[in-house]
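Engineer: Structure supplied as coords-v2.cif; contents: mmCIF, N, CA and C atoms.
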data_start
loop_
_atom_site.label_atom_id
_atom_site.label_comp_id
_atom_site.auth_asym_id
_atom_site.auth_seq_id
_atom_site.Cartn_x
_atom_site.Cartn_y
_atom_site.Cartn_z
N MET A 1 29.90 -51.14 -225.68
CA MET A 1 30.78 -52.25 -225.98
C MET A 1 31.11 -52.97 -224.68
N ILE A 2 31.10 -54.27 -224.73
CA ILE A 2 31.44 -55.08 -223.57
C ILE A 2 32.88 -54.80 -223.16
N ALA A 3 33.17 -54.86 -221.87
CA ALA A 3 34.49 -54.50 -221.36
C ALA A 3 35.41 -55.71 -221.23
N VAL A 4 36.68 -55.48 -221.49
CA VAL A 4 37.69 -56.50 -221.27
C VAL A 4 37.64 -56.90 -219.79
N GLY A 5 37.69 -58.18 -219.53
CA GLY A 5 37.62 -58.70 -218.17
C GLY A 5 36.24 -59.19 -217.78
N ASP A 6 35.19 -58.70 -218.48
CA ASP A 6 33.84 -59.19 -218.22
C ASP A 6 33.70 -60.63 -218.71
N HIS A 7 32.73 -61.33 -218.16
CA HIS A 7 32.41 -62.65 -218.70
C HIS A 7 31.56 -62.46 -219.94
N GLY A 8 31.80 -63.29 -220.94
CA GLY A 8 30.99 -63.23 -222.16
C GLY A 8 29.55 -63.59 -221.85
N PRO A 9 28.60 -62.84 -222.42
CA PRO A 9 27.19 -63.17 -222.22
C PRO A 9 26.87 -64.56 -222.76
N ARG A 10 25.82 -65.14 -222.25
CA ARG A 10 25.39 -66.44 -222.78
C ARG A 10 25.05 -66.27 -224.25
N LEU A 11 25.45 -67.23 -225.01
CA LEU A 11 25.25 -67.19 -226.44
C LEU A 11 24.71 -68.55 -226.86
N HIS A 12 23.51 -68.57 -227.36
CA HIS A 12 22.89 -69.80 -227.90
C HIS A 12 22.27 -69.42 -229.23
N ARG A 13 22.90 -69.81 -230.30
CA ARG A 13 22.44 -69.45 -231.63
C ARG A 13 22.63 -70.61 -232.59
N GLN A 14 21.86 -70.61 -233.67
CA GLN A 14 22.04 -71.61 -234.72
C GLN A 14 23.13 -71.16 -235.68
N ASP A 15 23.90 -72.14 -236.15
CA ASP A 15 24.89 -71.83 -237.17
C ASP A 15 24.28 -72.01 -238.56
N GLN A 16 25.10 -71.89 -239.57
CA GLN A 16 24.64 -71.97 -240.96
C GLN A 16 24.03 -73.33 -241.32
N ASP A 17 24.28 -74.34 -240.51
CA ASP A 17 23.72 -75.67 -240.75
C ASP A 17 22.52 -75.98 -239.84
N GLY A 18 22.07 -74.98 -239.08
CA GLY A 18 20.94 -75.18 -238.19
C GLY A 18 21.31 -75.83 -236.87
N GLU A 19 22.59 -76.02 -236.62
CA GLU A 19 23.06 -76.62 -235.37
C GLU A 19 23.12 -75.56 -234.27
N GLU A 20 22.69 -75.93 -233.08
CA GLU A 20 22.72 -75.03 -231.93
C GLU A 20 24.16 -74.89 -231.44
N VAL A 21 24.61 -73.66 -231.27
CA VAL A 21 25.97 -73.37 -230.80
C VAL A 21 25.86 -72.51 -229.56
N SER A 22 26.66 -72.83 -228.57
CA SER A 22 26.70 -72.08 -227.32
C SER A 22 28.12 -71.60 -227.07
N LEU A 23 28.25 -70.50 -226.38
CA LEU A 23 29.58 -70.02 -225.99
C LEU A 23 30.28 -71.07 -225.13
N ALA A 24 29.51 -71.81 -224.36
CA ALA A 24 30.08 -72.88 -223.52
C ALA A 24 30.75 -73.97 -224.37
N ASP A 25 30.35 -74.09 -225.64
CA ASP A 25 30.99 -75.07 -226.53
C ASP A 25 32.47 -74.77 -226.74
N TYR A 26 32.86 -73.52 -226.50
CA TYR A 26 34.24 -73.10 -226.72
C TYR A 26 35.05 -73.04 -225.43
N LYS A 27 34.47 -73.49 -224.33
CA LYS A 27 35.17 -73.50 -223.04
C LYS A 27 36.50 -74.23 -223.19
N GLY A 28 37.56 -73.62 -222.70
CA GLY A 28 38.89 -74.20 -222.80
C GLY A 28 39.62 -73.80 -224.07
N ARG A 29 38.94 -73.03 -224.94
CA ARG A 29 39.54 -72.53 -226.18
C ARG A 29 39.24 -71.05 -226.32
N LYS A 30 40.08 -70.36 -227.06
CA LYS A 30 39.82 -68.96 -227.37
C LYS A 30 38.94 -68.89 -228.62
N VAL A 31 38.02 -67.94 -228.61
CA VAL A 31 37.15 -67.74 -229.77
C VAL A 31 37.09 -66.25 -230.08
N LEU A 32 37.25 -65.92 -231.35
CA LEU A 32 37.13 -64.54 -231.81
C LEU A 32 35.81 -64.42 -232.57
N ILE A 33 34.89 -63.63 -232.02
CA ILE A 33 33.61 -63.40 -232.69
C ILE A 33 33.75 -62.15 -233.54
N ALA A 34 33.50 -62.32 -234.83
CA ALA A 34 33.51 -61.19 -235.76
C ALA A 34 32.05 -60.84 -236.08
N PHE A 35 31.55 -59.80 -235.41
CA PHE A 35 30.21 -59.30 -235.70
C PHE A 35 30.27 -58.53 -237.01
N TYR A 36 29.27 -58.74 -237.86
CA TYR A 36 29.21 -58.00 -239.12
C TYR A 36 27.75 -57.71 -239.45
N PRO A 37 27.47 -56.67 -240.27
CA PRO A 37 26.09 -56.25 -240.49
C PRO A 37 25.20 -57.26 -241.21
N LEU A 38 25.54 -57.64 -242.44
CA LEU A 38 24.61 -58.44 -243.25
C LEU A 38 25.34 -59.33 -244.24
N ASP A 39 24.81 -60.52 -244.45
CA ASP A 39 25.29 -61.38 -245.52
C ASP A 39 25.06 -60.71 -246.87
N PHE A 40 25.92 -61.00 -247.80
CA PHE A 40 25.82 -60.59 -249.21
C PHE A 40 26.07 -59.12 -249.48
N SER A 41 26.32 -58.30 -248.48
CA SER A 41 26.70 -56.92 -248.78
C SER A 41 28.16 -56.94 -249.25
N PRO A 42 28.54 -56.00 -250.09
CA PRO A 42 29.91 -56.03 -250.64
C PRO A 42 31.00 -55.98 -249.56
N VAL A 43 30.84 -55.12 -248.58
CA VAL A 43 31.88 -54.99 -247.55
C VAL A 43 31.95 -56.25 -246.69
N CYS A 44 30.80 -56.82 -246.33
CA CYS A 44 30.79 -58.06 -245.53
C CYS A 44 31.41 -59.21 -246.31
N SER A 45 31.11 -59.27 -247.58
CA SER A 45 31.70 -60.32 -248.42
C SER A 45 33.22 -60.18 -248.45
N ASP A 46 33.69 -58.95 -248.62
CA ASP A 46 35.14 -58.72 -248.61
C ASP A 46 35.74 -59.09 -247.26
N GLN A 47 35.10 -58.67 -246.18
CA GLN A 47 35.63 -58.92 -244.84
C GLN A 47 35.83 -60.40 -244.58
N LEU A 48 34.79 -61.19 -244.79
CA LEU A 48 34.90 -62.61 -244.48
C LEU A 48 35.83 -63.34 -245.45
N SER A 49 35.88 -62.91 -246.69
CA SER A 49 36.82 -63.51 -247.65
C SER A 49 38.26 -63.21 -247.25
N VAL A 50 38.54 -61.98 -246.86
CA VAL A 50 39.89 -61.59 -246.43
C VAL A 50 40.29 -62.38 -245.18
N TYR A 51 39.36 -62.53 -244.25
CA TYR A 51 39.67 -63.29 -243.03
C TYR A 51 39.98 -64.75 -243.37
N GLN A 52 39.19 -65.33 -244.26
CA GLN A 52 39.39 -66.73 -244.64
C GLN A 52 40.77 -66.91 -245.30
N GLU A 53 41.10 -66.03 -246.22
CA GLU A 53 42.32 -66.17 -247.00
C GLU A 53 43.56 -65.67 -246.27
N GLY A 54 43.41 -64.61 -245.47
CA GLY A 54 44.60 -63.96 -244.96
C GLY A 54 44.91 -64.11 -243.49
N ILE A 55 43.95 -64.47 -242.67
CA ILE A 55 44.21 -64.43 -241.22
C ILE A 55 43.71 -65.65 -240.48
N LYS A 56 42.76 -66.40 -241.04
CA LYS A 56 42.16 -67.52 -240.31
C LYS A 56 43.21 -68.55 -239.89
N GLY A 57 44.15 -68.85 -240.77
CA GLY A 57 45.21 -69.81 -240.44
C GLY A 57 46.10 -69.32 -239.31
N GLU A 58 46.41 -68.02 -239.31
CA GLU A 58 47.22 -67.44 -238.24
C GLU A 58 46.48 -67.52 -236.91
N LEU A 59 45.19 -67.26 -236.94
CA LEU A 59 44.40 -67.35 -235.72
C LEU A 59 44.41 -68.79 -235.20
N ALA A 60 44.18 -69.74 -236.10
CA ALA A 60 44.18 -71.16 -235.70
C ALA A 60 45.53 -71.56 -235.11
N ASP A 61 46.62 -71.09 -235.73
CA ASP A 61 47.96 -71.37 -235.20
C ASP A 61 48.15 -70.79 -233.81
N GLY A 62 47.43 -69.68 -233.53
CA GLY A 62 47.50 -69.04 -232.22
C GLY A 62 46.47 -69.59 -231.24
N GLY A 63 45.76 -70.65 -231.63
CA GLY A 63 44.78 -71.27 -230.75
C GLY A 63 43.45 -70.56 -230.69
N ILE A 64 43.14 -69.76 -231.72
CA ILE A 64 41.90 -68.97 -231.73
C ILE A 64 40.98 -69.47 -232.83
N THR A 65 39.72 -69.75 -232.47
CA THR A 65 38.71 -70.13 -233.44
C THR A 65 37.94 -68.89 -233.86
N LEU A 66 37.81 -68.67 -235.17
CA LEU A 66 37.06 -67.53 -235.71
C LEU A 66 35.62 -67.93 -235.97
N VAL A 67 34.69 -67.09 -235.51
CA VAL A 67 33.26 -67.29 -235.70
C VAL A 67 32.66 -65.96 -236.15
N GLY A 68 31.82 -66.00 -237.19
CA GLY A 68 31.11 -64.81 -237.64
C GLY A 68 29.72 -64.76 -237.05
N LEU A 69 29.16 -63.56 -236.89
CA LEU A 69 27.81 -63.43 -236.34
C LEU A 69 27.14 -62.19 -236.93
N SER A 70 25.94 -62.39 -237.48
CA SER A 70 25.13 -61.27 -237.96
C SER A 70 23.67 -61.58 -237.72
N VAL A 71 22.80 -60.62 -238.07
CA VAL A 71 21.37 -60.76 -237.82
C VAL A 71 20.65 -61.59 -238.88
N ASP A 72 21.38 -62.16 -239.82
CA ASP A 72 20.77 -62.96 -240.88
C ASP A 72 20.36 -64.34 -240.36
N SER A 73 19.48 -65.00 -241.11
CA SER A 73 18.99 -66.33 -240.74
C SER A 73 20.04 -67.39 -241.05
N PRO A 74 19.91 -68.57 -240.45
CA PRO A 74 20.83 -69.67 -240.78
C PRO A 74 20.82 -70.00 -242.27
N TYR A 75 19.66 -69.89 -242.91
CA TYR A 75 19.55 -70.20 -244.34
C TYR A 75 20.37 -69.22 -245.18
N ALA A 76 20.27 -67.95 -244.84
CA ALA A 76 21.06 -66.93 -245.54
C ALA A 76 22.55 -67.17 -245.30
N HIS A 77 22.90 -67.52 -244.05
CA HIS A 77 24.31 -67.80 -243.73
C HIS A 77 24.86 -68.95 -244.57
N LYS A 78 24.06 -70.00 -244.74
CA LYS A 78 24.52 -71.15 -245.52
C LYS A 78 24.77 -70.74 -246.97
N ALA A 79 23.85 -70.01 -247.56
CA ALA A 79 24.02 -69.56 -248.94
C ALA A 79 25.22 -68.62 -249.06
N PHE A 80 25.39 -67.75 -248.08
CA PHE A 80 26.51 -66.80 -248.06
C PHE A 80 27.84 -67.55 -247.95
N GLN A 81 27.90 -68.49 -247.04
CA GLN A 81 29.11 -69.29 -246.84
C GLN A 81 29.48 -70.03 -248.14
N GLU A 82 28.49 -70.63 -248.78
CA GLU A 82 28.73 -71.35 -250.02
C GLU A 82 29.17 -70.42 -251.15
N LYS A 83 28.53 -69.25 -251.24
CA LYS A 83 28.89 -68.29 -252.29
C LYS A 83 30.34 -67.84 -252.14
N LEU A 84 30.75 -67.58 -250.89
CA LEU A 84 32.12 -67.10 -250.65
C LEU A 84 33.14 -68.24 -250.67
N GLY A 85 32.68 -69.47 -250.49
CA GLY A 85 33.61 -70.60 -250.42
C GLY A 85 34.43 -70.58 -249.15
N ILE A 86 33.79 -70.19 -248.03
CA ILE A 86 34.48 -70.13 -246.74
C ILE A 86 33.98 -71.24 -245.83
N ASP A 87 34.77 -71.57 -244.82
CA ASP A 87 34.33 -72.58 -243.85
C ASP A 87 34.17 -72.00 -242.45
N THR A 88 34.23 -70.70 -242.32
CA THR A 88 34.02 -70.05 -241.03
C THR A 88 32.59 -70.31 -240.55
N VAL A 89 32.44 -70.69 -239.29
CA VAL A 89 31.12 -70.87 -238.69
C VAL A 89 30.44 -69.50 -238.64
N LEU A 90 29.20 -69.44 -239.11
CA LEU A 90 28.42 -68.21 -239.10
C LEU A 90 27.19 -68.41 -238.22
N LEU A 91 27.11 -67.61 -237.16
CA LEU A 91 26.00 -67.73 -236.22
C LEU A 91 24.91 -66.71 -236.54
N SER A 92 23.67 -67.16 -236.37
CA SER A 92 22.51 -66.34 -236.67
C SER A 92 22.00 -65.63 -235.42
N ASP A 93 21.93 -64.32 -235.48
CA ASP A 93 21.37 -63.50 -234.41
C ASP A 93 20.01 -62.97 -234.88
N PHE A 94 19.27 -63.85 -235.55
CA PHE A 94 18.04 -63.49 -236.27
C PHE A 94 16.84 -63.28 -235.35
N GLU A 95 16.64 -64.20 -234.41
CA GLU A 95 15.45 -64.11 -233.57
C GLU A 95 15.75 -64.59 -232.16
N PRO A 96 15.55 -63.83 -231.12
CA PRO A 96 15.16 -62.43 -231.22
C PRO A 96 16.28 -61.62 -231.87
N LYS A 97 15.88 -60.80 -232.82
CA LYS A 97 16.83 -60.08 -233.67
C LYS A 97 17.81 -59.25 -232.85
N GLY A 98 19.10 -59.54 -233.08
CA GLY A 98 20.17 -58.75 -232.49
C GLY A 98 20.41 -58.98 -231.02
N GLU A 99 19.79 -59.98 -230.42
CA GLU A 99 19.92 -60.20 -228.97
C GLU A 99 21.37 -60.37 -228.53
N VAL A 100 22.14 -61.15 -229.27
CA VAL A 100 23.54 -61.37 -228.90
C VAL A 100 24.36 -60.11 -229.16
N ALA A 101 24.15 -59.47 -230.31
CA ALA A 101 24.87 -58.23 -230.60
C ALA A 101 24.58 -57.18 -229.53
N LYS A 102 23.34 -57.11 -229.08
CA LYS A 102 22.99 -56.16 -228.01
C LYS A 102 23.73 -56.49 -226.72
N ALA A 103 23.79 -57.77 -226.38
CA ALA A 103 24.45 -58.19 -225.14
C ALA A 103 25.95 -57.86 -225.16
N PHE A 104 26.55 -57.87 -226.34
CA PHE A 104 27.97 -57.55 -226.48
C PHE A 104 28.21 -56.06 -226.75
N GLY A 105 27.14 -55.29 -226.93
CA GLY A 105 27.28 -53.85 -227.18
C GLY A 105 27.63 -53.52 -228.61
N SER A 106 27.26 -54.39 -229.55
CA SER A 106 27.61 -54.19 -230.95
C SER A 106 26.41 -53.81 -231.82
N TYR A 107 25.21 -53.84 -231.27
CA TYR A 107 24.00 -53.62 -232.06
C TYR A 107 23.79 -52.15 -232.37
N ILE A 108 23.36 -51.87 -233.60
CA ILE A 108 23.05 -50.49 -234.01
C ILE A 108 21.54 -50.40 -234.22
N ASP A 109 20.87 -49.66 -233.33
CA ASP A 109 19.43 -49.44 -233.48
C ASP A 109 19.19 -48.64 -234.76
N GLY A 110 17.99 -48.68 -235.25
CA GLY A 110 17.68 -47.99 -236.51
C GLY A 110 17.79 -48.97 -237.66
N PRO A 111 19.01 -49.17 -238.16
CA PRO A 111 19.14 -50.16 -239.24
C PRO A 111 18.96 -51.60 -238.75
N GLY A 112 19.09 -51.81 -237.44
CA GLY A 112 18.88 -53.15 -236.88
C GLY A 112 19.94 -54.15 -237.27
N ILE A 113 21.20 -53.72 -237.19
CA ILE A 113 22.34 -54.58 -237.56
C ILE A 113 23.42 -54.50 -236.49
N ALA A 114 24.35 -55.44 -236.57
CA ALA A 114 25.53 -55.36 -235.72
C ALA A 114 26.56 -54.47 -236.40
N ASN A 115 27.32 -53.75 -235.61
CA ASN A 115 28.47 -53.02 -236.14
C ASN A 115 29.57 -54.04 -236.40
N ARG A 116 30.61 -53.62 -237.06
CA ARG A 116 31.77 -54.49 -237.27
C ARG A 116 32.61 -54.46 -236.00
N THR A 117 32.39 -55.46 -235.19
CA THR A 117 33.01 -55.55 -233.87
C THR A 117 33.73 -56.88 -233.78
N LEU A 118 34.90 -56.87 -233.15
CA LEU A 118 35.64 -58.09 -232.88
C LEU A 118 35.71 -58.26 -231.38
N VAL A 119 35.42 -59.46 -230.89
CA VAL A 119 35.47 -59.75 -229.46
C VAL A 119 36.20 -61.08 -229.28
N LEU A 120 37.34 -61.02 -228.57
CA LEU A 120 38.09 -62.23 -228.25
C LEU A 120 37.70 -62.70 -226.86
N ILE A 121 37.27 -63.95 -226.79
CA ILE A 121 36.88 -64.55 -225.51
C ILE A 121 37.94 -65.60 -225.18
N ASP A 122 38.45 -65.55 -223.95
CA ASP A 122 39.52 -66.47 -223.57
C ASP A 122 38.98 -67.84 -223.17
N GLU A 123 39.88 -68.71 -222.78
CA GLU A 123 39.53 -70.09 -222.45
C GLU A 123 38.55 -70.21 -221.28
N ASP A 124 38.50 -69.18 -220.44
CA ASP A 124 37.60 -69.20 -219.28
C ASP A 124 36.29 -68.45 -219.52
N GLY A 125 36.08 -68.00 -220.75
CA GLY A 125 34.84 -67.30 -221.06
C GLY A 125 34.86 -65.81 -220.76
N LYS A 126 36.04 -65.26 -220.49
CA LYS A 126 36.17 -63.82 -220.22
C LYS A 126 36.59 -63.08 -221.49
N ILE A 127 36.16 -61.85 -221.56
CA ILE A 127 36.54 -61.00 -222.69
C ILE A 127 38.01 -60.61 -222.53
N ALA A 128 38.82 -60.96 -223.54
CA ALA A 128 40.26 -60.71 -223.48
C ALA A 128 40.67 -59.50 -224.31
N TRP A 129 39.86 -59.16 -225.33
CA TRP A 129 40.23 -58.08 -226.25
C TRP A 129 39.01 -57.72 -227.08
N THR A 130 38.87 -56.44 -227.42
CA THR A 130 37.77 -56.00 -228.28
C THR A 130 38.25 -54.94 -229.27
N TYR A 131 37.50 -54.82 -230.33
CA TYR A 131 37.71 -53.75 -231.31
C TYR A 131 36.37 -53.44 -231.94
N GLU A 132 36.06 -52.16 -232.09
CA GLU A 132 34.84 -51.75 -232.77
C GLU A 132 35.20 -50.78 -233.88
N SER A 133 34.74 -51.08 -235.09
CA SER A 133 34.99 -50.19 -236.22
C SER A 133 34.28 -48.86 -236.03
N PRO A 134 34.85 -47.79 -236.59
CA PRO A 134 34.19 -46.48 -236.48
C PRO A 134 32.81 -46.45 -237.14
N SER A 135 32.61 -47.30 -238.16
CA SER A 135 31.31 -47.36 -238.83
C SER A 135 31.13 -48.75 -239.44
N PRO A 136 29.88 -49.13 -239.73
CA PRO A 136 29.64 -50.43 -240.36
C PRO A 136 30.26 -50.54 -241.76
N GLY A 137 30.61 -49.42 -242.36
CA GLY A 137 31.20 -49.43 -243.70
C GLY A 137 32.68 -49.75 -243.72
N GLU A 138 33.32 -49.83 -242.55
CA GLU A 138 34.75 -50.09 -242.48
C GLU A 138 34.99 -51.40 -241.74
N PHE A 139 35.61 -52.36 -242.42
CA PHE A 139 35.87 -53.61 -241.70
C PHE A 139 37.30 -53.63 -241.17
N PRO A 140 37.48 -54.23 -239.98
CA PRO A 140 38.81 -54.33 -239.40
C PRO A 140 39.66 -55.28 -240.24
N GLY A 141 40.74 -54.75 -240.77
CA GLY A 141 41.62 -55.54 -241.62
C GLY A 141 42.46 -56.53 -240.84
N PRO A 142 43.24 -57.34 -241.57
CA PRO A 142 44.06 -58.37 -240.94
C PRO A 142 45.00 -57.85 -239.85
N ASP A 143 45.56 -56.66 -240.02
CA ASP A 143 46.48 -56.13 -238.99
C ASP A 143 45.77 -55.91 -237.67
N ILE A 144 44.52 -55.45 -237.73
CA ILE A 144 43.75 -55.26 -236.50
C ILE A 144 43.41 -56.62 -235.89
N VAL A 145 43.01 -57.57 -236.74
CA VAL A 145 42.67 -58.90 -236.23
C VAL A 145 43.88 -59.54 -235.58
N ARG A 146 45.07 -59.32 -236.13
CA ARG A 146 46.29 -59.89 -235.56
C ARG A 146 46.54 -59.41 -234.13
N GLN A 147 45.99 -58.27 -233.75
CA GLN A 147 46.13 -57.77 -232.39
C GLN A 147 45.53 -58.76 -231.39
N ALA A 148 44.52 -59.50 -231.82
CA ALA A 148 43.90 -60.50 -230.93
C ALA A 148 44.90 -61.58 -230.57
N LEU A 149 45.85 -61.85 -231.45
CA LEU A 149 46.87 -62.86 -231.17
C LEU A 149 47.76 -62.47 -230.00
N GLN A 150 47.87 -61.18 -229.74
CA GLN A 150 48.72 -60.67 -228.67
C GLN A 150 47.99 -60.60 -227.33
N ALA A 151 46.65 -60.73 -227.38
CA ALA A 151 45.85 -60.56 -226.15
C ALA A 151 45.91 -61.81 -225.27
#
So, in terms of structure tokens, how does the structure I just supplied come out?
Structural biologist:
Amino acid sequence: MIAVGDHGPRLHRQDQDGEEVSLADYKGRKVLIAFYPLDFSPVCSDQLSVYQEGIKGELADGGITLVGLSVDSPYAHKAFQEKLGIDTVLLSDFEPKGEVAKAFGSYIDGPGIANRTLVLIDEDGKIAWTYESPSPGEFPGPDIVRQALQA
């Protein structure tokens, strides 16, 4: 897992609309990256729906932009976003598969997915706070996400 105080690795990925997104795009703002295993799995669906309904507004009020990231393609992300009815930006770590998750220390070899990891990056691009779930089957609930507001 990436350490608090480190600079966030370079991140250049397509979002659900095929637009190129870079970590530098968030310079001057805080961004919370929610790594998750796969679109359309029941736990991932629950996680992103809970974040949209229960915590996204609180994060925005605290000056934090929420971004999701998994190994799925931009096309899968778009369909997933539409199915859930969420507006959270979803970044694709599809090719090279898991490159960003690996750089942040969230990648799980074998199944080839990201663990459920939260990484808060501050306005200067430094890691301000992290959380890693004990397993991909457990998503960090709103109370854990709220800890990022204190970082």
Engineer: Env of segment 133-137 of chain A: 8 Å cut, atoms = only C-alpha atoms, seq-sep filter 5 positions within chain, self excluded. Answer as a ChimeraX atom specification.
Structural biologist: /A:36-37,43,114-117
Engineer: Between segment 48-151 of chain A and segment 7-13 of chain A, at 8 Å or less, what are the per-residue closest atom pairs and their distances in Å? Count all atoms listed in the file, order by chain and rising residue number, and return it as a Markdown table.
Structural biologist:
| residue | atom | partner | partner_atom | distance |
| --- | --- | --- | --- | --- |
| A:Leu90 | C | A:Arg13 | C | 7.6 |
| A:Leu91 | CA | A:Arg13 | C | 5.7 |
| A:Ser92 | N | A:Arg13 | C | 5.2 |
| A:Asp93 | N | A:Arg13 | CA | 6.4 |
| A:Phe94 | N | A:Arg13 | CA | 7.5 |
| A:Val100 | CA | A:Leu11 | CA | 6.5 |
| A:Ala103 | C | A:Pro9 | CA | 6.2 |
| A:Phe104 | N | A:Pro9 | N | 6.7 |
| A:Ile121 | CA | A:Gly8 | CA | 6.9 |
| A:Asp122 | N | A:Gly8 | N | 7.6 |
| A:Asp124 | C | A:Gly8 | N | 7.0 |
| A:Gly125 | C | A:Gly8 | N | 4.0 |
| A:Lys126 | CA | A:His7 | CA | 4.2 |
| A:Ile127 | N | A:Gly8 | N | 4.6 |
| A:Ala128 | N | A:Gly8 | N | 7.8 |
Engineer: Identify which of the residues A:Glu95, A:Gly85, A:Ala60, A:Ser22 lies closest to Ser73 of chain A, counting all atoms listed in the file when measuring atom-to-atom distances.
Structural biologist: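 That would be A:Glu95, the residue with the smallest distance to Ser73 of chain A.
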Engineer: Can you pull out the residues contacting Tyr131 of chain A? Cut-off 10 Å, using only C-alpha atoms, and skip same-chain residues under 3 positions away; I want them as a ChimeraX atom specification.
Structural biologist: /A:1,34,116-120,134,140,144-145,147-148
Engineer: Hey, can you check how far atom CA of Tyr51 of chain A sits from atom C of Glu138 of chain A?
Structural biologist: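 That distance, rounded to one decimal, is 12.8 Å.
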Engineer: Could you tell me which of A:Ile55, A:Leu69, A:Ile86, A:Ala101 comes closest to Asp143 of chain A if we count all atoms listed in the file?
Structural biologist: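 For Asp143 of chain A, the nearest of the given residues is A:Ile55.
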Engineer: Nearest residue to Ile113 of chain A out of A:Leu48, A:Leu38, A:Val31, A:Ala151, using only N, CA and C atoms?
Structural biologist: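 So, comparing all the options, the nearest one is A:Leu38.
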Engineer: Need the shell around Ser45 of chain A: protein/DNA/RNA residues with any atom at most 9 Å away, counting only C-alpha atoms. Skip same-chain ones fewer than 6 positions apart. Format as a PyMOL selection string?
Structural biologist: chain A and resi 38-39+80+84
Engineer: Enumerate the residues of chain A with a DSSP assignment of strand (DSSP E or B), computed from the backbone, and present them as a PyMOL selection string.
Structural biologist: chain A and resi 7+12-15+20-22+30-35+64-70+89-92+107-108+113-114+117-121+126-132
Engineer: Atom C of Thr65 of chain A and atom CA of Gly5 of chain A, how far apart in Å?
Structural biologist: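 Value for the atom CA of Gly5 of chain A-atom C of Thr65 of chain A distance: 18.7 Å.
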Engineer: Which distance in Å separates atom N of Glu58 of chain A and atom N of Pro42 of chain A, to one decimal?
Structural biologist: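 Those two atoms sit 24.1 Å apart.
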Engineer: Enumerate, as a ChimeraX atom specification, the complete set of residues in segment 4-71 of chain A that a backbone-based DSSP assignment places in helix (DSSP H, G or I).
Structural biologist: /A:23-26,42-61
Engineer: Out of A:Glu20, A:Asp6, A:Glu53, A:Glu132, which residue has the shortest atom-to-atom distance to Thr88 of chain A when counting only C-alpha atoms?
Structural biologist: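 So, comparing all the options, the nearest one is A:Glu53.
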